[in-house]
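Chemist: My file is final-v6.txt. It has compact mmCIF, C-alpha atoms:
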```txt
# COMPACT_ATOMS: atom_id res chain seq x y z
CA MET A 1 -31.89 -18.18 -23.81
CA LYS A 2 -29.35 -20.58 -25.29
CA ARG A 3 -32.00 -23.27 -25.91
CA ALA A 4 -34.30 -20.71 -27.54
CA SER A 5 -31.45 -19.52 -29.74
CA VAL A 6 -30.68 -23.09 -30.86
CA ARG A 7 -34.37 -23.71 -31.64
CA LEU A 8 -34.47 -20.52 -33.72
CA ARG A 9 -31.43 -21.58 -35.72
CA VAL A 10 -32.96 -25.02 -36.35
CA LEU A 11 -36.20 -23.44 -37.57
CA ARG A 12 -34.26 -21.15 -39.89
CA LEU A 13 -32.31 -24.10 -41.29
CA LEU A 14 -35.53 -26.03 -41.92
CA LEU A 15 -36.96 -23.02 -43.74
CA VAL A 16 -33.85 -22.83 -45.93
CA CYS A 17 -34.16 -26.53 -46.75
CA VAL A 18 -37.79 -26.09 -47.80
CA LEU A 19 -37.20 -23.01 -49.94
CA LEU A 20 -33.70 -23.83 -51.25
CA PRO A 21 -33.10 -27.61 -51.41
CA GLY A 22 -29.75 -27.09 -53.12
CA ALA A 23 -28.51 -25.05 -50.18
CA CYS A 24 -29.72 -27.73 -47.79
CA ASN A 25 -27.74 -30.32 -49.75
CA LEU A 26 -24.64 -28.17 -49.49
CA LEU A 27 -25.05 -27.78 -45.73
CA GLY A 28 -25.47 -31.54 -45.48
CA GLY A 29 -22.18 -32.15 -47.23
CA GLN A 30 -23.28 -32.71 -50.82
CA GLN A 31 -22.39 -29.85 -53.12
CA PRO A 32 -24.83 -29.75 -56.05
CA ARG A 33 -23.78 -29.82 -59.67
CA TRP A 34 -23.29 -26.34 -61.10
CA THR A 35 -26.27 -24.71 -62.78
CA ALA A 36 -25.98 -23.59 -66.40
CA GLU A 37 -25.86 -20.00 -65.16
CA HIS A 38 -22.95 -20.78 -62.84
CA ALA A 39 -21.07 -22.60 -65.60
CA ASN A 40 -21.61 -19.80 -68.10
CA ALA A 41 -20.50 -17.16 -65.60
CA TRP A 42 -17.35 -19.17 -64.83
CA TYR A 43 -16.55 -19.57 -68.52
CA ALA A 44 -17.13 -15.88 -69.24
CA ALA A 45 -14.53 -15.03 -66.59
CA GLN A 46 -11.81 -17.14 -68.27
CA PRO A 47 -9.35 -15.97 -70.91
CA TRP A 48 -9.23 -17.75 -74.27
CA LEU A 49 -7.86 -21.09 -73.08
CA VAL A 50 -4.89 -22.55 -74.95
CA GLY A 51 -3.02 -25.61 -73.72
CA ALA A 52 -2.13 -29.26 -74.09
CA ASN A 53 -1.71 -32.50 -72.20
CA PHE A 54 1.52 -32.16 -70.23
CA VAL A 55 4.17 -34.51 -68.92
CA PRO A 56 7.80 -33.34 -68.76
CA ALA A 57 10.22 -34.71 -71.29
CA ASP A 58 12.15 -36.64 -68.65
CA ALA A 59 9.12 -38.64 -67.40
CA VAL A 60 7.65 -41.67 -69.16
CA ASN A 61 4.35 -41.39 -67.28
CA GLU A 62 2.53 -39.62 -64.45
CA LEU A 63 4.19 -41.78 -61.77
CA GLU A 64 7.68 -40.83 -62.91
CA MET A 65 6.60 -37.19 -63.16
CA TRP A 66 5.43 -36.98 -59.53
CA GLN A 67 7.43 -39.46 -57.42
CA ALA A 68 9.92 -37.81 -55.09
CA ASP A 69 12.99 -39.43 -56.67
CA THR A 70 12.11 -38.28 -60.20
CA PHE A 71 10.09 -35.07 -59.74
CA ASP A 72 12.06 -32.46 -61.69
CA ALA A 73 10.97 -28.90 -60.88
CA ASN A 74 13.70 -27.39 -63.07
CA GLU A 75 12.55 -29.32 -66.13
CA ILE A 76 8.92 -28.33 -65.54
CA ASP A 77 9.94 -24.70 -65.12
CA ARG A 78 11.93 -24.79 -68.35
CA GLU A 79 9.13 -26.41 -70.37
CA PHE A 80 6.46 -24.12 -68.93
CA GLY A 81 8.63 -21.21 -70.00
CA TRP A 82 8.43 -22.54 -73.55
CA ALA A 83 4.66 -23.01 -73.20
CA GLU A 84 4.19 -19.47 -71.93
CA GLY A 85 6.26 -18.16 -74.82
CA ALA A 86 3.97 -20.02 -77.24
CA GLY A 87 0.89 -18.36 -75.71
CA MET A 88 -0.36 -21.28 -73.62
CA ASN A 89 -2.23 -20.56 -70.39
CA THR A 90 -3.45 -23.99 -69.25
CA MET A 91 -2.20 -27.58 -69.17
CA ARG A 92 -3.98 -30.87 -68.58
CA VAL A 93 -1.88 -32.76 -66.02
CA PHE A 94 -2.41 -36.33 -64.80
CA LEU A 95 -2.24 -37.41 -61.16
CA HIS A 96 -2.43 -40.99 -59.80
CA ASN A 97 -4.02 -42.66 -56.79
CA LEU A 98 -0.83 -44.66 -56.06
CA LEU A 99 1.07 -41.42 -55.52
CA TRP A 100 -1.35 -40.49 -52.74
CA GLU A 101 -1.02 -43.92 -51.13
CA GLN A 102 2.77 -43.79 -51.34
CA ASP A 103 3.27 -40.40 -49.69
CA PRO A 104 0.22 -38.11 -49.32
CA GLN A 105 2.03 -35.26 -47.62
CA GLY A 106 4.95 -35.33 -50.03
CA PHE A 107 2.59 -35.58 -52.99
CA LYS A 108 0.70 -32.48 -51.81
CA ARG A 109 3.98 -30.59 -51.40
CA ARG A 110 5.04 -31.46 -54.93
CA ILE A 111 1.64 -30.45 -56.32
CA ASP A 112 1.97 -27.12 -54.52
CA GLN A 113 5.48 -26.66 -55.92
CA PHE A 114 4.19 -27.51 -59.39
CA LEU A 115 1.38 -24.95 -59.02
CA THR A 116 3.88 -22.30 -57.97
CA ILE A 117 5.89 -22.96 -61.13
CA ALA A 118 2.74 -22.93 -63.25
CA ALA A 119 1.55 -19.63 -61.74
CA LYS A 120 4.96 -18.09 -62.45
CA HIS A 121 4.26 -18.78 -66.14
CA HIS A 122 0.56 -17.77 -65.97
CA ILE A 123 -0.57 -21.36 -66.55
CA ARG A 124 -3.56 -22.78 -64.67
CA PRO A 125 -3.66 -26.59 -64.94
CA VAL A 126 -6.57 -28.97 -65.19
CA PHE A 127 -5.73 -31.92 -62.94
CA VAL A 128 -6.88 -35.38 -64.09
CA LEU A 129 -7.70 -37.75 -61.22
CA PHE A 130 -8.23 -41.07 -63.04
CA ASP A 131 -7.35 -42.39 -66.50
CA SER A 132 -8.42 -45.57 -68.31
CA CYS A 133 -5.66 -45.42 -70.93
CA TRP A 134 -2.84 -47.88 -71.59
CA ASP A 135 -1.10 -50.22 -69.15
CA PRO A 136 -3.63 -51.57 -66.61
CA ASP A 137 -0.95 -52.69 -64.14
CA PRO A 138 0.67 -49.53 -62.67
CA LYS A 139 3.46 -49.98 -60.15
CA LEU A 140 5.31 -47.50 -57.96
CA GLY A 141 9.08 -47.13 -58.07
CA PRO A 142 11.37 -46.95 -61.10
CA GLN A 143 9.41 -46.99 -64.35
CA ARG A 144 10.42 -48.84 -67.49
CA PRO A 145 12.24 -46.77 -70.12
CA PRO A 146 10.26 -45.49 -73.11
CA ILE A 147 10.20 -47.51 -76.32
CA PRO A 148 11.31 -45.23 -79.16
CA GLY A 149 8.60 -44.66 -81.74
CA VAL A 150 5.82 -46.23 -79.64
CA HIS A 151 3.00 -43.92 -78.59
CA ASN A 152 2.65 -43.67 -74.78
CA SER A 153 4.85 -46.73 -74.36
CA GLY A 154 5.09 -46.31 -70.59
CA TRP A 155 1.76 -44.73 -69.70
CA VAL A 156 -0.29 -46.40 -66.95
CA GLN A 157 -3.93 -46.45 -65.93
CA ALA A 158 -5.35 -45.05 -62.71
CA PRO A 159 -6.66 -46.99 -60.97
CA GLY A 160 -5.12 -50.22 -62.18
CA ARG A 161 -7.24 -53.27 -62.92
CA ALA A 162 -6.46 -54.92 -59.56
CA VAL A 163 -8.12 -52.03 -57.70
CA LEU A 164 -10.85 -51.33 -60.24
CA GLY A 165 -11.96 -54.95 -60.13
CA ASP A 166 -12.16 -55.07 -56.32
CA PRO A 167 -14.80 -52.76 -54.81
CA ALA A 168 -13.41 -53.54 -51.35
CA GLN A 169 -10.47 -51.31 -52.32
CA TYR A 170 -12.62 -48.34 -53.38
CA PRO A 171 -12.20 -46.62 -49.97
CA ARG A 172 -8.56 -46.12 -51.01
CA LEU A 173 -9.75 -44.28 -54.10
CA GLU A 174 -12.17 -42.22 -52.05
CA ALA A 175 -9.38 -41.17 -49.68
CA TYR A 176 -7.25 -40.12 -52.64
CA VAL A 177 -9.99 -38.05 -54.32
CA LYS A 178 -11.07 -36.31 -51.13
CA GLY A 179 -7.47 -35.83 -50.01
CA VAL A 180 -6.16 -34.24 -53.21
CA VAL A 181 -9.23 -32.22 -54.18
CA GLY A 182 -9.80 -31.20 -50.57
CA ALA A 183 -6.23 -29.97 -50.15
CA PHE A 184 -6.56 -27.62 -53.14
CA ALA A 185 -10.33 -27.03 -53.20
CA ASN A 186 -9.94 -23.26 -52.85
CA ASP A 187 -6.74 -22.81 -54.84
CA PRO A 188 -7.17 -20.23 -57.63
CA ARG A 189 -4.10 -21.60 -59.41
CA ILE A 190 -6.15 -24.62 -60.56
CA LEU A 191 -8.52 -24.20 -63.50
CA ALA A 192 -10.60 -27.39 -63.12
CA TRP A 193 -10.63 -31.05 -62.08
CA ASP A 194 -11.01 -33.67 -64.82
CA VAL A 195 -12.44 -36.59 -62.88
CA TRP A 196 -11.76 -39.38 -65.41
CA ASN A 197 -10.00 -39.45 -68.78
CA GLU A 198 -11.52 -41.68 -71.49
CA PRO A 199 -13.28 -43.87 -68.92
CA ASP A 200 -14.43 -46.59 -71.31
CA ASN A 201 -11.25 -46.86 -73.37
CA LEU A 202 -10.39 -50.57 -73.71
CA ASN A 203 -6.96 -49.89 -75.24
CA GLY A 204 -7.07 -52.20 -78.19
CA PRO A 205 -4.97 -53.68 -79.52
CA PRO A 206 -1.92 -53.18 -77.21
CA TYR A 207 -3.63 -53.99 -73.89
CA ARG A 208 -7.10 -55.25 -74.73
CA GLN A 209 -6.29 -58.82 -73.73
CA GLU A 210 -5.11 -57.61 -70.32
CA GLU A 211 -8.19 -55.51 -69.55
CA LEU A 212 -10.94 -56.63 -67.19
CA PRO A 213 -13.80 -58.07 -69.28
CA ASN A 214 -16.31 -55.87 -67.45
CA LYS A 215 -14.10 -52.77 -67.23
CA ALA A 216 -16.60 -50.38 -68.80
CA GLN A 217 -19.39 -51.51 -66.48
CA LEU A 218 -17.17 -51.12 -63.43
CA VAL A 219 -16.10 -47.61 -64.42
CA LEU A 220 -19.67 -46.62 -65.27
CA ALA A 221 -20.75 -47.59 -61.75
CA LEU A 222 -17.74 -45.91 -60.11
CA LEU A 223 -17.75 -42.64 -62.05
CA PRO A 224 -20.72 -41.03 -60.24
CA GLN A 225 -19.14 -41.96 -56.91
CA VAL A 226 -15.93 -40.18 -57.88
CA PHE A 227 -17.88 -37.05 -58.75
CA ALA A 228 -19.68 -37.28 -55.40
CA TRP A 229 -16.40 -37.72 -53.48
CA ALA A 230 -14.93 -34.67 -55.18
CA ARG A 231 -18.05 -32.58 -54.60
CA SER A 232 -18.14 -33.52 -50.92
CA VAL A 233 -15.03 -31.37 -50.27
CA HIS A 234 -16.63 -28.32 -51.96
CA PRO A 235 -14.09 -27.32 -54.63
CA VAL A 236 -14.49 -23.83 -56.06
CA GLN A 237 -13.16 -25.18 -59.37
CA PRO A 238 -15.53 -27.00 -61.75
CA LEU A 239 -15.58 -30.77 -62.14
CA THR A 240 -15.62 -32.33 -65.57
CA SER A 241 -14.97 -35.53 -67.53
CA GLY A 242 -14.49 -34.99 -71.24
CA VAL A 243 -16.44 -37.18 -73.64
CA TRP A 244 -14.20 -38.69 -76.29
CA SER A 245 -16.18 -41.08 -78.54
CA GLY A 246 -19.63 -41.54 -80.02
CA ASP A 247 -22.41 -39.19 -81.13
CA TRP A 248 -22.68 -36.18 -78.79
CA SER A 249 -25.46 -34.37 -80.66
CA SER A 250 -27.96 -35.14 -77.86
CA LEU A 251 -28.19 -37.09 -74.62
CA ASP A 252 -30.35 -39.67 -76.40
CA THR A 253 -27.62 -40.50 -78.92
CA MET A 254 -24.80 -40.74 -76.39
CA THR A 255 -23.39 -43.94 -74.97
CA PRO A 256 -24.28 -44.60 -71.31
CA MET A 257 -20.73 -43.56 -70.34
CA ALA A 258 -20.78 -40.29 -72.28
CA ARG A 259 -24.19 -39.47 -70.88
CA ALA A 260 -22.97 -40.08 -67.34
CA GLN A 261 -19.97 -37.84 -67.99
CA ILE A 262 -22.14 -34.99 -69.31
CA GLU A 263 -24.82 -35.30 -66.65
CA GLN A 264 -22.26 -35.28 -63.82
CA SER A 265 -19.96 -32.52 -65.12
CA ASP A 266 -20.17 -28.87 -64.10
CA VAL A 267 -18.65 -27.79 -67.41
CA SER A 268 -17.96 -29.75 -70.60
```
Could the structure of this file be written out as structure tokens, please?
Modeler:
Amino acid sequence: MKRASVRLRVLRLLLVCVLLPGACNLLGGQQPRWTAEHANAWYAAQPWLVGANFVPADAVNELEMWQADTFDANEIDREFGWAEGAGMNTMRVFLHNLLWEQDPQGFKRRIDQFLTIAAKHHIRPVFVLFDSCWDPDPKLGPQRPPIPGVHNSGWVQAPGRAVLGDPAQYPRLEAYVKGVVGAFANDPRILAWDVWNEPDNLNGPPYRQEELPNKAQLVLALLPQVFAWARSVHPVQPLTSGVWSGDWSSLDTMTPMARAQIEQSDVS
């Protein structure tokens, strides 16, 4: 009877795979990109979204915001109180792969604490996993002080050029994406995951001479993998990567990077 029952379940699964390939992909571990109907239904369920990029006033970058020695829950609570009072209900908040490598369990605890503070103020963040902007050599530990009057004077890229330029290190990035997204894949306090901010930004003039000469090509090849890693842990939140330059009037007029962003995103 047990063997017959197993055979019946296998036959049913094969039938599902024939009639509903998307469901078969999901059962096999690959969650499909959202349909337009799914995306529209998700958007219709949201309030009018008002927010900003967020880093607390006492942090020069995302590393200083999240590291255990400098994570300041009281400051975040105070600033989110101001944001709530101004009518904001979302914030775009940057994470970093080095934070996962430094202390994955502690990082998850701080993210959970941050989400508790955000929920208290009715703010649902969009977490950014990777970012191509500014200093390409991020380092853990104490961060350099801000330079007055200089835009994003201490901001750092994720991943840094040393990791981006070495595909042998990409399993570290995969562990980070799956670890963070997987830990909060069913958390209603999160609005969405922004997979990569400004992926082909070459940061001229401040850092252009320090960038990898083939940076854009490396990111273009890595970006679909990051989407796949995130989808493999089945988040209920949508995945996205916001286009930021070029002509977006049609897929044909977009740059290869913008097209990849749009074609991989659940919502835009």
Chemist: Enter the distance from atom CA of A:Ile76 to atom CA of A:Ile190, in Å, rounded to one decimal.
Modeler: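 These two atoms are separated by 16.3 Å.
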Chemist: Taking all atoms listed in the file into account, which of A:Pro56, A:Pro167, A:Gly160, A:Pro145 comes nearest A:Asp77?
Modeler: A:Pro56
Chemist: Restricting the calculation to all atoms listed in the file, which member of A:Thr255, A:Gln261, A:Asn61, A:Ser232 is positioned closest to A:Gly154?
Modeler: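 Ranked by minimum distance to A:Gly154, first place goes to A:Asn61.
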Chemist: Just checking: using only C-alpha atoms, which residue out of A:Gln157, A:Asn203, A:Trp244, A:Trp196 ends up closest to A:Phe227?
Modeler: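 So, comparing all the options, the nearest one is A:Trp196.
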Chemist: How far is it from atom CA of A:Val233 to atom CA of A:Gly182, in Å with one decimal?
Modeler: 5.2 Å
Chemist: Can you pull out every residue within 12 Å of stretch 96-99 of chain A, counting only C-alpha atoms, but drop anything in the same chain fewer than 5 positions away, and send it as a VMD selection string?
Modeler: chain A and resid 61 to 68 71 104 to 111 127 to 132 137 to 141 155 to 160 163 to 164 169 to 181 195 to 197
Chemist: In Å, rounded to a single decimal, give me how far atom CA of A:Val243 is from atom CA of A:Pro224.
Modeler: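 Here the two named atoms are 14.6 Å from each other.
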Chemist: List the neighbours of A:Met257 out to 10 Å using only C-alpha atoms; skip same-chain residues closer than 4 positions along the sequence, and give me the result as a list in words.
Modeler: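 In the requested form, the answer reads Glu198, Pro199, Asp200, Ala216, Gln217, Val219, Leu220, Ala221, Leu223, Val243, Ser245, Gly246, Gln261, Ile262 and Glu263 of chain A.
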Chemist: Would you output that residue set with C-alpha atoms, as a PDB file, keeping the file's coordinate frame?
Modeler:
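Final output, saved to result_13.pdb:
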```pdb
ATOM      1  CA  GLU A 198     -11.520 -41.680 -71.490  1.00  0.00           C
ATOM      2  CA  PRO A 199     -13.280 -43.870 -68.920  1.00  0.00           C
ATOM      3  CA  ASP A 200     -14.430 -46.590 -71.310  1.00  0.00           C
ATOM      4  CA  ALA A 216     -16.600 -50.380 -68.800  1.00  0.00           C
ATOM      5  CA  GLN A 217     -19.390 -51.510 -66.480  1.00  0.00           C
ATOM      6  CA  VAL A 219     -16.100 -47.610 -64.420  1.00  0.00           C
ATOM      7  CA  LEU A 220     -19.670 -46.620 -65.270  1.00  0.00           C
ATOM      8  CA  ALA A 221     -20.750 -47.590 -61.750  1.00  0.00           C
ATOM      9  CA  LEU A 223     -17.750 -42.640 -62.050  1.00  0.00           C
ATOM     10  CA  VAL A 243     -16.440 -37.180 -73.640  1.00  0.00           C
ATOM     11  CA  SER A 245     -16.180 -41.080 -78.540  1.00  0.00           C
ATOM     12  CA  GLY A 246     -19.630 -41.540 -80.020  1.00  0.00           C
ATOM     13  CA  GLN A 261     -19.970 -37.840 -67.990  1.00  0.00           C
ATOM     14  CA  ILE A 262     -22.140 -34.990 -69.310  1.00  0.00           C
ATOM     15  CA  GLU A 263     -24.820 -35.300 -66.650  1.00  0.00           C
TER      16      GLU A 263
END
```
Chemist: Name the residues in contact with A:Glu75 at a cut-off of 12 Å, using all atoms listed in the file, excluding same-chain residues fewer than 5 positions from it; report them as an MDAnalysis selection string.
Modeler: chainID A and resid 55:59 65 70 80:82 114 117
Chemist: Counting all atoms listed in the file, which residue out of A:Phe184, A:Trp193, A:Trp48, A:Trp134 sits closest to A:Asp112?
Modeler: A:Phe184
Chemist: Grab all the atoms of stretch 239-249 of chain A that the file lists, wrap them in a box along x, y and z, add 4 Å per side, and give me centre plus edge lengths in Å (one decimal) as lines of an AutoDock Vina configuration file.
Modeler:
```
center_x = -19.8
center_y = -36.2
center_z = -71.6
size_x = 19.3
size_y = 18.8
size_z = 27.0
```
Chemist: Residues at most 10 Å from A:Gln46, counting all atoms listed in the file, excluding those fewer than 4 positions away in the same chain, as a ChimeraX atom specification?
Modeler: /A:41-42,191
Chemist: Pick out the closest residue to A:Ala260 from this set: A:Val93, A:Leu222, A:Leu49, A:Val236. Count all atoms listed in the file.
Modeler: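 Using all atoms listed in the file, the shortest distance to A:Ala260 belongs to A:Leu222.
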Chemist: Taking only C-alpha atoms into account, name the residue in A:Leu218, A:Ala185, A:Ala168, A:Met91 that is nearest to A:Ala52.
Modeler: A:Met91
